[in-house]
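Reviewing the structure listed below.
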Amino acid sequence: MNYFLYAVANVTEISTLIAPGMIDFASQKAPGGIMIIWIISAILYALIAWILMMTWQKKQLRGK
């Protein structure tokens, strides 16, 4: 598997946040280390949540 795709797969997998290091793709450890992948995943999911909250808030303000 391509190194870049492997890193993306590790970052976007929700189990990385719940149980870091417990699930490996193709029996390989996370590229860059488990903690780095966990931090990137946490930032990514927090950013997605923030974008969704801001979108919802703008929609609510427009509706009034």
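Ordering of the structure tokens sets the chain letters (A, B, ...), residue numbers begin anew at 1 in every chain, and ligands are numbered from 1 in the order given.
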
To test your reading of the structure, identify every residue in chain A that backbone DSSP assigns to alpha helix (DSSP H), and report it as a PyMOL selection string. chain A and resi 3-12+15-18+34-63

Stretch 13-22 of chain A environment, 12 Å, only C-alpha atoms, sequence neighbours closer than 6 positions dropped, as a count of residues only: 21
